[in-house]
$ cat start.cif   # mmCIF, C-alpha atoms
data_model
loop_
_atom_site.label_atom_id
_atom_site.label_comp_id
_atom_site.auth_asym_id
_atom_site.auth_seq_id
_atom_site.Cartn_x
_atom_site.Cartn_y
_atom_site.Cartn_z
CA MET A 137 0.00 0.00 0.00
CA VAL A 138 1.30 3.46 -0.86
CA LYS A 139 1.91 5.56 2.20
CA SER A 140 0.39 8.95 1.47
CA ALA A 141 -0.01 10.59 4.89
CA LYS A 142 0.87 14.22 4.36
CA PRO A 143 4.17 15.15 5.98
CA VAL A 144 4.09 18.04 8.45
CA GLY A 145 4.45 21.38 6.71
CA LEU A 146 3.68 20.09 3.20
CA VAL A 147 0.34 21.92 2.91
CA ALA A 148 1.86 25.19 4.15
CA ARG A 149 4.71 24.81 1.65
CA ILE A 150 2.26 24.25 -1.21
CA GLN A 151 0.20 27.25 -0.08
CA ARG A 152 3.35 29.38 -0.12
CA VAL A 153 4.22 28.29 -3.66
CA LEU A 154 0.72 28.82 -5.03
CA GLY A 155 0.12 32.00 -3.06
CA GLY A 156 3.39 33.44 -4.30
CA LEU A 157 2.23 32.91 -7.87
CA GLY A 158 -1.13 34.55 -7.22
CA PHE A 159 -3.17 31.35 -7.28
CA LEU A 160 -6.27 31.54 -5.15
CA LEU A 161 -7.28 28.12 -3.94
CA ASN A 162 -9.55 26.79 -1.27
CA ARG A 163 -8.27 24.43 1.36
CA ARG A 164 -10.01 21.39 -0.09
CA LYS A 165 -8.24 21.79 -3.42
CA ILE A 166 -4.89 22.42 -1.78
CA ASP A 167 -5.42 19.19 0.14
CA GLY A 168 -5.94 17.47 -3.20
CA VAL A 169 -2.60 18.79 -4.47
CA ALA A 170 -0.95 17.84 -1.17
CA ASP A 171 -2.28 14.28 -1.42
CA GLU A 172 -0.59 13.83 -4.79
CA MET A 173 2.64 15.38 -3.55
CA ALA A 174 2.59 13.05 -0.53
CA LYS A 175 2.24 10.08 -2.88
CA ASP A 176 5.30 11.30 -4.81
CA LEU A 177 7.19 11.60 -1.57
CA ALA A 178 6.16 8.16 -0.37
CA ARG A 179 7.75 6.60 -3.45
CA ALA A 180 11.34 6.12 -2.31
CA PRO A 181 14.01 7.61 -4.59
CA ARG A 182 15.61 4.88 -6.70
CA ILE A 183 19.35 5.05 -6.97
CA ALA A 184 21.56 2.76 -9.01
CA ILE A 185 25.00 2.45 -7.49
CA ILE A 186 27.49 0.95 -9.89
CA GLY A 187 30.90 -0.21 -8.79
CA GLU A 188 33.15 -3.01 -7.67
CA CYS A 189 33.25 -4.25 -4.09
CA GLY A 190 35.31 -1.96 -1.89
CA VAL A 191 34.90 1.27 -3.87
CA GLY A 192 32.93 2.75 -0.99
CA LYS A 193 29.29 2.33 -2.01
CA SER A 194 28.04 2.02 1.57
CA SER A 195 30.12 4.89 2.89
CA THR A 196 28.83 7.06 0.04
CA LEU A 197 25.22 6.25 0.93
CA ASN A 198 25.99 6.95 4.60
CA ALA A 199 27.56 10.29 3.72
CA LEU A 200 24.67 11.35 1.50
CA PHE A 201 21.65 10.10 3.40
CA ASN A 202 22.67 9.50 6.98
CA ALA A 203 25.01 12.37 7.90
CA GLY A 204 27.97 10.02 7.68
CA ALA A 205 26.78 7.55 10.30
CA GLU A 206 26.38 3.92 9.34
CA ILE A 207 22.95 3.02 7.99
CA ASP A 208 22.01 -0.12 9.87
CA ASP A 209 18.46 -0.51 8.61
CA ILE A 210 18.90 -2.32 5.28
CA ARG A 211 16.22 -4.65 3.98
CA PRO A 212 16.24 -6.76 0.83
CA CYS A 213 13.59 -5.46 -1.50
CA THR A 214 11.16 -8.31 -1.96
CA VAL A 215 8.96 -6.50 -4.46
CA GLU A 216 11.80 -6.04 -6.92
CA THR A 217 14.24 -8.56 -8.21
CA SER A 218 17.07 -8.29 -10.61
CA GLU A 219 19.44 -10.80 -12.17
CA TYR A 220 22.70 -9.03 -11.38
CA ALA A 221 21.78 -6.05 -9.26
CA VAL A 222 21.12 -6.45 -5.54
CA VAL A 223 18.02 -4.41 -4.76
CA THR A 224 17.67 -3.19 -1.19
CA GLU A 225 15.81 -0.51 0.68
CA VAL A 226 18.00 1.43 3.07
CA ASN A 227 16.61 3.69 5.73
CA GLY A 228 18.48 6.97 5.81
CA SER A 229 17.80 9.48 8.56
CA HIS A 230 15.18 11.22 6.38
CA GLY A 231 13.44 8.15 5.00
CA PRO A 232 13.95 5.14 2.77
CA ILE A 233 15.95 5.01 -0.46
CA ARG A 234 15.78 2.12 -2.88
CA VAL A 235 19.26 1.09 -3.93
CA PHE A 236 20.16 -0.97 -6.98
CA ASP A 237 23.64 -2.22 -6.22
CA MET A 238 25.05 -3.01 -9.66
CA PRO A 239 28.28 -4.75 -10.65
CA GLY A 240 31.06 -2.59 -12.02
CA LEU A 241 32.63 -2.90 -15.41
CA GLY A 242 36.20 -3.45 -16.45
CA GLN A 243 37.07 -6.57 -14.48
CA ASP A 244 35.37 -9.47 -16.21
CA LEU A 245 35.08 -8.84 -19.93
CA GLN A 246 32.96 -11.95 -20.53
CA ALA A 247 30.38 -10.87 -18.01
CA GLU A 248 30.25 -7.32 -19.26
CA GLU A 249 27.78 -7.82 -22.06
CA ARG A 250 25.31 -9.35 -19.59
CA TYR A 251 25.92 -6.53 -17.13
CA LEU A 252 25.40 -3.93 -19.81
CA LYS A 253 22.03 -5.42 -20.67
CA GLU A 254 21.13 -5.21 -16.99
CA TYR A 255 22.27 -1.60 -16.89
CA ALA A 256 20.13 -0.85 -19.92
CA ARG A 257 17.12 -2.33 -18.13
CA VAL A 258 17.63 -0.84 -14.67
CA LEU A 259 19.07 2.62 -15.30
CA PRO A 260 16.04 4.14 -17.04
CA GLU A 261 13.89 3.03 -14.10
CA CYS A 262 16.10 4.77 -11.56
CA ASP A 263 15.94 8.42 -10.59
CA VAL A 264 19.68 8.66 -10.68
CA ALA A 265 22.73 6.44 -11.20
CA LEU A 266 26.08 6.85 -9.52
CA TRP A 267 29.05 4.99 -10.88
CA ILE A 268 31.70 4.93 -8.16
CA LEU A 269 35.35 4.43 -9.02
CA ASP A 270 38.17 3.95 -6.58
CA ALA A 271 40.56 6.87 -7.02
CA CYS A 272 43.53 4.60 -6.40
CA THR A 273 42.84 1.93 -9.03
CA ARG A 274 43.06 2.31 -12.76
CA ALA A 275 41.29 -0.89 -13.78
CA PHE A 276 38.82 0.37 -16.30
CA SER A 277 40.58 0.07 -19.62
CA GLY A 278 38.40 -2.96 -20.41
CA ALA A 279 35.31 -1.02 -19.45
CA GLN A 280 36.31 1.77 -21.77
CA THR A 281 36.56 -0.60 -24.74
CA SER A 282 33.17 -2.13 -24.15
CA LEU A 283 31.55 1.18 -23.35
CA GLN A 284 32.57 2.68 -26.64
CA GLY A 285 31.22 -0.29 -28.57
CA VAL A 286 28.06 -1.19 -26.75
CA VAL A 287 26.83 1.26 -24.22
CA THR A 288 26.24 4.38 -26.22
CA SER A 289 24.24 2.57 -28.86
CA ALA A 290 22.25 0.31 -26.57
CA MET A 291 21.58 2.28 -23.43
CA SER A 292 19.18 4.88 -22.33
CA GLY A 293 19.24 6.48 -18.92
CA LEU A 294 22.81 7.69 -19.24
CA ASP A 295 21.57 11.23 -18.83
CA ARG A 296 21.02 10.22 -15.20
CA LEU A 297 24.56 9.06 -14.67
CA VAL A 298 27.10 10.67 -12.38
CA ILE A 299 30.65 9.34 -12.14
CA GLY A 300 32.10 9.59 -8.64
CA ILE A 301 35.79 9.13 -7.93
CA ASN A 302 35.87 8.13 -4.27
CA LYS A 303 38.70 7.76 -1.75
CA ILE A 304 40.75 10.67 -3.08
CA ASP A 305 42.19 10.99 0.44
CA ARG A 306 44.19 7.83 -0.24
CA MET A 307 45.75 9.04 -3.44
CA GLU A 308 49.50 9.31 -3.86
CA PRO A 309 51.55 10.44 -2.01
CA GLY A 310 49.05 9.79 0.81
CA THR A 311 49.59 13.09 2.56
CA TRP A 312 46.03 14.12 3.38
CA ASN A 313 46.04 17.06 5.78
CA VAL A 314 44.20 15.80 8.84
CA ARG A 315 43.93 19.23 10.45
CA THR A 316 42.32 20.97 7.48
CA ASN A 317 40.67 17.79 6.16
CA ARG A 318 41.97 18.62 2.72
CA PRO A 319 44.37 17.07 0.21
CA SER A 320 47.99 18.17 0.25
CA GLY A 321 49.29 20.14 -2.74
CA LYS A 322 50.81 17.02 -4.31
CA GLN A 323 47.60 15.09 -3.79
CA GLU A 324 45.66 17.87 -5.46
CA GLN A 325 47.80 17.39 -8.56
CA SER A 326 47.18 13.61 -8.53
CA ILE A 327 43.44 14.19 -8.09
CA ALA A 328 43.27 16.65 -11.00
CA ALA A 329 45.15 14.20 -13.24
CA ARG A 330 42.84 11.35 -12.24
CA VAL A 331 39.72 13.41 -12.89
CA ASP A 332 41.02 14.36 -16.35
CA ASP A 333 41.79 10.72 -17.07
CA VAL A 334 38.30 9.58 -16.09
CA LYS A 335 36.66 12.37 -18.07
CA THR A 336 38.59 11.35 -21.18
CA ARG A 337 38.36 7.59 -20.86
CA LEU A 338 34.90 7.13 -19.37
CA GLY A 339 33.04 10.42 -19.44
CA ALA A 340 33.57 11.11 -23.12
CA PRO A 341 32.51 7.67 -24.45
CA LEU A 342 29.43 7.80 -22.23
CA ALA A 343 28.69 11.40 -23.17
CA VAL A 344 28.63 12.28 -19.48
CA LYS A 345 28.98 16.01 -18.91
CA GLU A 346 32.28 17.08 -17.36
CA SER A 347 30.41 18.61 -14.43
CA ARG A 348 29.13 15.14 -13.57
CA VAL A 349 32.55 13.65 -12.92
CA ILE A 350 33.18 14.37 -9.25
CA ALA A 351 36.22 13.55 -7.15
CA TYR A 352 35.23 13.12 -3.50
CA SER A 353 35.90 11.28 -0.29
CA ALA A 354 32.87 9.84 1.46
CA LYS A 355 34.81 9.01 4.61
CA ARG A 356 36.37 12.48 4.87
CA HIS A 357 33.07 14.21 3.97
CA PHE A 358 35.00 15.96 1.21
CA HIS A 359 33.25 17.49 -1.84
CA LEU A 360 29.93 15.93 -0.88
CA GLY A 361 28.11 19.16 -1.74
CA LYS A 362 29.48 18.91 -5.28
CA LEU A 363 28.50 15.26 -5.52
CA LEU A 364 24.99 16.07 -4.31
CA ASP A 365 24.61 18.91 -6.80
CA ALA A 366 25.70 16.63 -9.66
CA LEU A 367 23.18 13.99 -8.54
CA MET A 368 20.41 16.59 -8.39
CA GLU A 369 21.33 17.78 -11.86
CA ALA A 370 21.20 14.20 -13.19
CA CYS A 371 17.87 13.40 -11.53
CA PRO A 372 14.68 14.00 -13.56
CA LYS A 373 13.26 17.40 -12.67
CA ASP A 374 10.01 16.15 -11.16
CA ARG A 375 11.87 13.79 -8.81
CA ARG A 376 14.57 16.15 -7.61
CA TRP A 377 12.62 17.48 -4.65
CA VAL A 378 11.85 13.92 -3.48
CA LEU A 379 15.52 12.96 -3.67
CA TYR A 380 16.52 16.11 -1.79
CA GLU A 381 13.99 15.41 0.98
CA ARG A 382 15.93 12.22 1.78
CA VAL A 383 19.35 13.86 1.83
CA ASP A 384 21.18 14.23 5.12
CA LEU A 385 24.64 15.25 4.07
CA ALA A 386 27.69 14.62 6.25
CA ARG A 387 29.39 17.94 6.99
CA TYR A 388 32.92 18.70 5.84
CA GLU A 389 33.57 20.87 8.92
CA ASP A 390 32.86 17.95 11.24
CA LEU A 391 36.21 16.45 10.31
CA VAL A 392 38.25 19.63 10.36
CA ASP A 393 40.39 19.99 13.47
CA PRO A 394 38.34 21.98 16.06
CA LEU A 395 41.49 24.02 16.72
CA VAL A 396 41.57 25.18 13.09
CA LEU A 397 37.86 25.96 13.11
CA ALA A 398 38.27 28.00 16.30
CA GLN A 399 41.08 30.03 14.72
CA LEU A 400 38.98 30.56 11.62
CA GLN A 401 36.06 31.80 13.69
CA SER A 402 38.25 34.17 15.66
CA ARG A 403 39.77 35.52 12.42
CA THR A 404 36.26 36.10 11.00
CA ARG A 405 35.20 37.90 14.20
CA LYS A 406 38.28 40.12 14.04
CA ALA A 407 37.62 40.94 10.38
CA ARG A 408 34.06 41.98 11.28
CA THR A 409 35.13 44.26 14.09
CA MET B 219 47.82 -1.58 16.63
CA SER B 220 51.06 -1.14 18.57
CA GLY B 221 51.81 -3.30 21.58
CA GLU B 222 50.48 -0.70 24.02
CA GLU B 223 47.19 -1.07 25.84
CA PRO B 224 44.42 0.55 23.75
CA ILE B 225 42.66 3.60 25.17
CA THR B 226 39.02 4.70 25.09
CA THR B 227 37.47 7.45 23.01
CA ALA B 228 37.04 9.65 26.10
CA LYS B 229 40.67 9.21 27.09
CA ALA B 230 41.89 10.05 23.56
CA ALA B 231 39.59 13.10 23.52
CA SER B 232 41.07 14.35 26.80
CA ILE B 233 44.64 13.85 25.51
CA LEU B 234 43.88 15.77 22.32
CA GLY B 235 41.73 18.37 24.09
CA VAL B 236 38.76 17.88 21.74
CA GLY B 237 35.26 16.43 21.91
CA SER B 238 34.81 12.67 21.70
CA GLY B 239 32.66 13.12 18.55
CA TRP B 240 35.68 14.27 16.56
CA VAL B 241 37.80 11.42 17.92
CA ALA B 242 35.12 8.87 16.97
CA ALA B 243 34.97 10.36 13.47
CA LEU B 244 38.76 10.06 13.14
CA CYS B 245 38.53 6.42 14.24
CA ARG B 246 35.78 5.71 11.71
CA ASN B 247 37.84 7.26 8.95
CA GLY B 248 41.06 5.51 9.81
CA VAL B 249 43.00 8.64 10.87
CA LEU B 250 43.42 7.08 14.31
CA LYS B 251 44.25 3.39 14.48
CA ALA B 252 41.33 1.88 16.32
CA ALA B 253 39.25 -1.24 16.67
CA GLY B 254 35.66 -1.83 17.67
CA GLY B 255 33.41 1.11 17.13
CA GLY B 256 29.65 1.15 17.39
CA LYS B 257 28.11 3.53 19.95
CA GLY B 258 31.47 5.21 20.42
CA ALA B 259 33.17 2.22 22.03
CA TRP B 260 36.47 2.45 20.20
CA ARG B 261 39.72 0.90 21.41
CA ILE B 262 42.33 3.30 20.16
CA ASP B 263 46.03 2.82 19.63
CA PRO B 264 47.66 5.37 21.99
CA SER B 265 50.67 5.92 19.71
CA SER B 266 48.43 7.17 16.87
CA VAL B 267 46.79 9.58 19.35
CA HIS B 268 50.23 10.71 20.47
CA ASN B 269 51.37 11.31 16.86
CA LEU B 270 48.25 13.33 16.13
CA ALA B 271 48.80 15.39 19.29
CA ILE B 272 52.33 16.26 18.06
CA GLU B 273 50.94 17.17 14.64
CA ARG B 274 48.28 19.39 16.20
CA ALA B 275 50.80 21.19 18.38
CA LYS B 276 52.40 22.77 15.28
CA PRO B 277 51.15 26.31 14.57
CA VAL B 278 48.42 26.58 11.97
CA ASP B 279 49.62 28.09 8.71
CA PRO B 280 47.46 31.08 7.65
CA MET B 281 47.24 29.49 4.20
CA GLU B 282 45.64 26.45 5.79
CA LEU B 283 42.98 28.69 7.30
CA GLU B 284 42.36 30.19 3.86
CA ASP B 285 42.03 26.71 2.39
CA VAL B 286 39.49 25.63 4.99
CA ALA B 287 37.48 28.86 4.63
CA ARG B 288 37.39 28.41 0.86
CA GLU B 289 36.42 24.78 1.16
CA ILE B 290 33.55 25.56 3.52
CA GLU B 291 32.35 28.33 1.22
CA GLU B 292 32.48 26.11 -1.89
CA ASP B 293 30.71 23.29 -0.09
CA ARG B 294 27.91 25.63 0.99
CA GLU B 295 27.56 27.05 -2.51
CA ALA B 296 27.26 23.56 -4.00
CA GLN B 297 24.66 22.61 -1.39
CA GLN B 298 22.76 25.81 -2.10
CA LEU B 299 22.70 24.97 -5.81
CA ALA B 300 21.33 21.54 -4.97
CA GLU B 301 18.70 23.08 -2.71
CA ASP B 302 17.69 25.55 -5.43
CA LYS B 303 17.21 22.68 -7.85
CA ALA B 304 15.01 20.92 -5.28
CA GLU B 305 12.94 24.06 -4.69
CA GLU B 306 12.43 24.60 -8.40
CA SER B 307 11.41 20.97 -8.80
CA PHE B 308 8.92 21.25 -5.93
CA ARG B 309 7.40 24.42 -7.35
CA ASP B 310 7.06 23.00 -10.87
CA ARG B 311 5.49 19.82 -9.54
CA VAL B 312 2.95 21.74 -7.44
CA ILE B 313 1.99 23.90 -10.42
CA SER B 314 1.69 20.93 -12.75
CA ILE B 315 -0.60 19.08 -10.31
CA ALA B 316 -2.60 22.25 -9.65
CA LYS B 317 -3.10 22.72 -13.38
CA ARG B 318 -4.21 19.11 -13.77
CA HIS B 319 -6.77 19.71 -11.05
CA GLY B 320 -8.16 22.56 -13.16
CA LEU B 321 -7.05 25.17 -10.68
CA GLY B 322 -4.93 27.27 -13.01
CA VAL B 323 -7.70 29.64 -14.04
CA LEU B 324 -8.26 30.81 -10.49
CA CYS B 325 -5.69 33.52 -10.61
CA VAL B 326 -7.05 36.73 -9.21
CA VAL B 327 -3.79 38.58 -9.57
CA ALA B 328 -3.63 37.73 -13.26
CA GLY B 329 -7.28 38.83 -13.59
CA VAL B 330 -6.62 42.19 -11.94
CA ALA B 331 -3.50 42.71 -14.02
CA THR B 332 -5.35 41.89 -17.23
CA ALA B 333 -8.23 44.20 -16.30
CA ALA B 334 -5.82 47.02 -15.49
CA LEU B 335 -3.75 46.63 -18.65
CA ALA B 336 -6.64 46.02 -21.04
CA PRO B 337 -9.81 47.59 -19.58
CA GLY B 338 -11.98 46.56 -22.54
CA ASN B 339 -10.94 42.92 -22.37
CA LEU B 340 -13.57 40.68 -20.73
CA PHE B 341 -11.01 38.06 -19.79
CA GLY B 342 -9.79 40.01 -16.76
CA PRO B 343 -13.22 40.40 -15.08
CA ALA B 344 -13.96 36.75 -15.86
CA LEU B 345 -10.81 35.69 -14.03
CA ILE B 346 -11.70 37.90 -11.07
CA THR B 347 -15.25 36.48 -10.92
CA ALA B 348 -13.88 32.93 -10.99
CA GLY B 349 -11.45 33.84 -8.25
CA ILE B 350 -14.15 35.37 -6.05
CA ARG B 351 -16.35 32.31 -6.57
CA GLU B 352 -13.43 30.16 -5.45
CA LEU B 353 -12.91 32.41 -2.43
CA ILE B 354 -16.54 32.03 -1.35
CA GLU B 355 -16.31 28.27 -1.80
CA GLY B 356 -13.12 28.33 0.23
CA LEU B 357 -14.81 30.13 3.10
CA ARG B 358 -17.43 27.38 3.31
CA PRO B 359 -16.24 24.55 5.59
CA SER B 360 -15.12 21.62 3.49
CA SER B 361 -17.16 19.20 5.65
CA ASP B 362 -20.31 21.04 4.52
CA SER B 363 -19.52 20.51 0.89
CA SER B 364 -18.75 16.86 1.45
CA ARG B 365 -21.99 16.56 3.45
CA SER B 366 -23.97 18.11 0.59
CA GLU B 367 -22.23 15.76 -1.84
CA ARG B 368 -23.22 12.84 0.36
CA GLN B 369 -26.82 14.11 0.46
CA ILE B 370 -26.93 14.35 -3.34
CA ARG B 371 -25.49 10.85 -3.67
CA GLY B 372 -28.03 9.56 -1.14
CA LYS B 373 -30.93 11.15 -3.03
CA ARG B 374 -29.71 9.65 -6.31
CA GLN B 375 -29.44 6.21 -4.74
CA SER B 376 -32.95 6.40 -3.25
CA ARG B 377 -34.33 7.55 -6.61
CA SER B 378 -32.69 4.70 -8.49
CA SER B 379 -33.90 2.12 -5.96
#

$ encode --input "start.cif" --output "structure tokens"
Amino acid sequence: MVKSAKPVGLVARIQRVLGGLGFLLNRRKIDGVADEMAKDLARAPRIAIIGECGVGKSSTLNALFNAGAEIDDIRPCTVETSEYAVVTEVNGSHGPIRVFDMPGLGQDLQAEERYLKEYARVLPECDVALWILDACTRAFSGAQTSLQGVVTSAMSGLDRLVIGINKIDRMEPGTWNVRTNRPSGKQEQSIAARVDDVKTRLGAPLAVKESRVIAYSAKRHFHLGKLLDALMEACPKDRRWVLYERVDLARYEDLVDPLVLAQLQSRTRKART
Amino acid sequence: MSGEEPITTAKAASILGVGSGWVAALCRNGVLKAAGGGKGAWRIDPSSVHNLAIERAKPVDPMELEDVAREIEEDREAQQLAEDKAEESFRDRVISIAKRHGLGVLCVVAGVATAALAPGNLFGPALITAGIRELIEGLRPSSDSSRSERQIRGKRQSRSS
């Protein structure tokens, strides 16, 4: 059964939107609009997460939908099955999200054609797809070959794809600045080179916009705002607000040294006075 | 882990002079060598805490402060862009549903504007009339209208039987 109880504040929000545009509606009709909006909201956002084991799919979900804390409420989705994707419903702090955990490409060339068919089936049904790559591995030359030959001609739903390059904190030379929670200068160079590489080798064959290739670190809460914005951009317009309602982003500042934050605050106060 | 006896989150927090939340986050993210976890019950390698304490004792470079300020700013901007997209999506969805419900014509402001800009045009007054009618209907309690609908349905049923 579809849960359609109106969330608190939804009617007032609708009234604000319609009132701001000069619409004059009675309460009964606004309730009608609110009922439909509540049905939209009750339908959990569907997210395809593509990637090999260990690329940080869970930590990415935690960082986006559970403020960085581990999501422990994960249920297999009995109403949906898939041959290669594992479909689960995870309960983030702002409600459930349906996750299609899909195998990555570039490891097993024989399996790839089957996977690609599965992608072609699942991706158009999802609100958004996030392909996560490990920043420290370069194992997608095989994927690139197959993508150029098969994917672009056979697949739809690629307009919903975002490519995330996770774990940039572990990139060479491994000198992440713990106090500022930022990459060192040398790491920044490695990250930029890796992003360019992915844009050329994966983004271009898939016709993924450059703005949808995002380097981030889920565990360090780094560049999550950029990742979220890319996901919102890739999501169909009528589903963006539903996706955003579920978001509970982990904060970058939470992992910055409190000493540094205190100095920053005192500097800002001084500048004001 | 080194051979030393592991320490608790609270102990590490007191050594570093920070809150235990930050220490737990560092354990989760592998900055501090730790085992366990879950509800803050980390067993932390004291040498990694000690190394971090030495690192933190160094003066903060003003450039580092700039970097953090810029990062916070950019993160907020990106989040704001995402929020704007969500707001726009919400607004468009509300309007599209409202239009489907046949509510789009009830626009008093548009009626007044039309009447003011084109006094001879009958469309403006028509919009205003429709708006006023909607207002009056809105003032009536919705339970009344549903009661009258029920009465009409009841009468129809009794007639057909």

$ residues_around --input "start.cif" --residues "stretch 235-239 of chain B" --least-positions-apart "3" --cutoff "9 Å" --atoms "only C-alpha atoms" --output "list in words"
Asp390, Asp393, Pro394 and Leu395 of chain A; Thr227, Ala228, Lys229, Ala230, Ala231, Ser232, Ala242, Ala243, Leu244 and Gly258 of chain B

$ resolve_selection --input "start.cif" --expression "the PyMOL selection byres ((chain B and resi 300-310) around 12)" --output "compact mmCIF listing (two decimals) with C-alpha atoms, keeping the file's coordinate frame"
# COMPACT_ATOMS: atom_id res chain seq x y z
CA LEU A 146 3.68 20.09 3.20
CA ARG A 149 4.71 24.81 1.65
CA ILE A 150 2.26 24.25 -1.21
CA GLN A 151 0.20 27.25 -0.08
CA ARG A 152 3.35 29.38 -0.12
CA VAL A 153 4.22 28.29 -3.66
CA LEU A 154 0.72 28.82 -5.03
CA GLY A 155 0.12 32.00 -3.06
CA GLY A 156 3.39 33.44 -4.30
CA LEU A 157 2.23 32.91 -7.87
CA VAL A 169 -2.60 18.79 -4.47
CA ALA A 170 -0.95 17.84 -1.17
CA MET A 173 2.64 15.38 -3.55
CA ALA A 174 2.59 13.05 -0.53
CA ASP A 176 5.30 11.30 -4.81
CA LEU A 177 7.19 11.60 -1.57
CA LEU A 360 29.93 15.93 -0.88
CA GLY A 361 28.11 19.16 -1.74
CA LYS A 362 29.48 18.91 -5.28
CA LEU A 363 28.50 15.26 -5.52
CA LEU A 364 24.99 16.07 -4.31
CA ASP A 365 24.61 18.91 -6.80
CA ALA A 366 25.70 16.63 -9.66
CA LEU A 367 23.18 13.99 -8.54
CA MET A 368 20.41 16.59 -8.39
CA GLU A 369 21.33 17.78 -11.86
CA ALA A 370 21.20 14.20 -13.19
CA CYS A 371 17.87 13.40 -11.53
CA PRO A 372 14.68 14.00 -13.56
CA LYS A 373 13.26 17.40 -12.67
CA ASP A 374 10.01 16.15 -11.16
CA ARG A 375 11.87 13.79 -8.81
CA ARG A 376 14.57 16.15 -7.61
CA TRP A 377 12.62 17.48 -4.65
CA VAL A 378 11.85 13.92 -3.48
CA LEU A 379 15.52 12.96 -3.67
CA TYR A 380 16.52 16.11 -1.79
CA GLU A 381 13.99 15.41 0.98
CA ARG A 382 15.93 12.22 1.78
CA VAL A 383 19.35 13.86 1.83
CA LEU A 385 24.64 15.25 4.07
CA ASP B 293 30.71 23.29 -0.09
CA ARG B 294 27.91 25.63 0.99
CA GLU B 295 27.56 27.05 -2.51
CA ALA B 296 27.26 23.56 -4.00
CA GLN B 297 24.66 22.61 -1.39
CA GLN B 298 22.76 25.81 -2.10
CA LEU B 299 22.70 24.97 -5.81
CA ARG B 311 5.49 19.82 -9.54
CA VAL B 312 2.95 21.74 -7.44
CA ILE B 313 1.99 23.90 -10.42
CA SER B 314 1.69 20.93 -12.75
CA ILE B 315 -0.60 19.08 -10.31
CA ALA B 316 -2.60 22.25 -9.65
CA LYS B 317 -3.10 22.72 -13.38

$ resolve_selection --input "start.cif" --expression "the PyMOL selection byres ((chain A and resi 351) around 8)" --output "list in words"
Ala271, Gly300, Ile301, Asn302, Ile304, Ile327, Val331, Val349, Ile350, Tyr352, Ser353 and His359 of chain A

$ closest_residue --input "start.cif" --among "A:Arg257, A:Arg330, A:Arg408, A:Lys303" --to "A:Lys193" --atoms "all atoms listed in the file"
A:Lys303

$ resolve_selection --input "start.cif" --expression "the PyMOL selection byres ((chain B and resi 285) around 12)" --output "JSON, numbers by chain"
{"A": [313, 315, 316, 317, 318, 319, 320, 321, 392, 396, 397, 400], "B": [278, 279, 280, 281, 282, 283, 284, 286, 287, 288, 289, 290, 291, 292]}
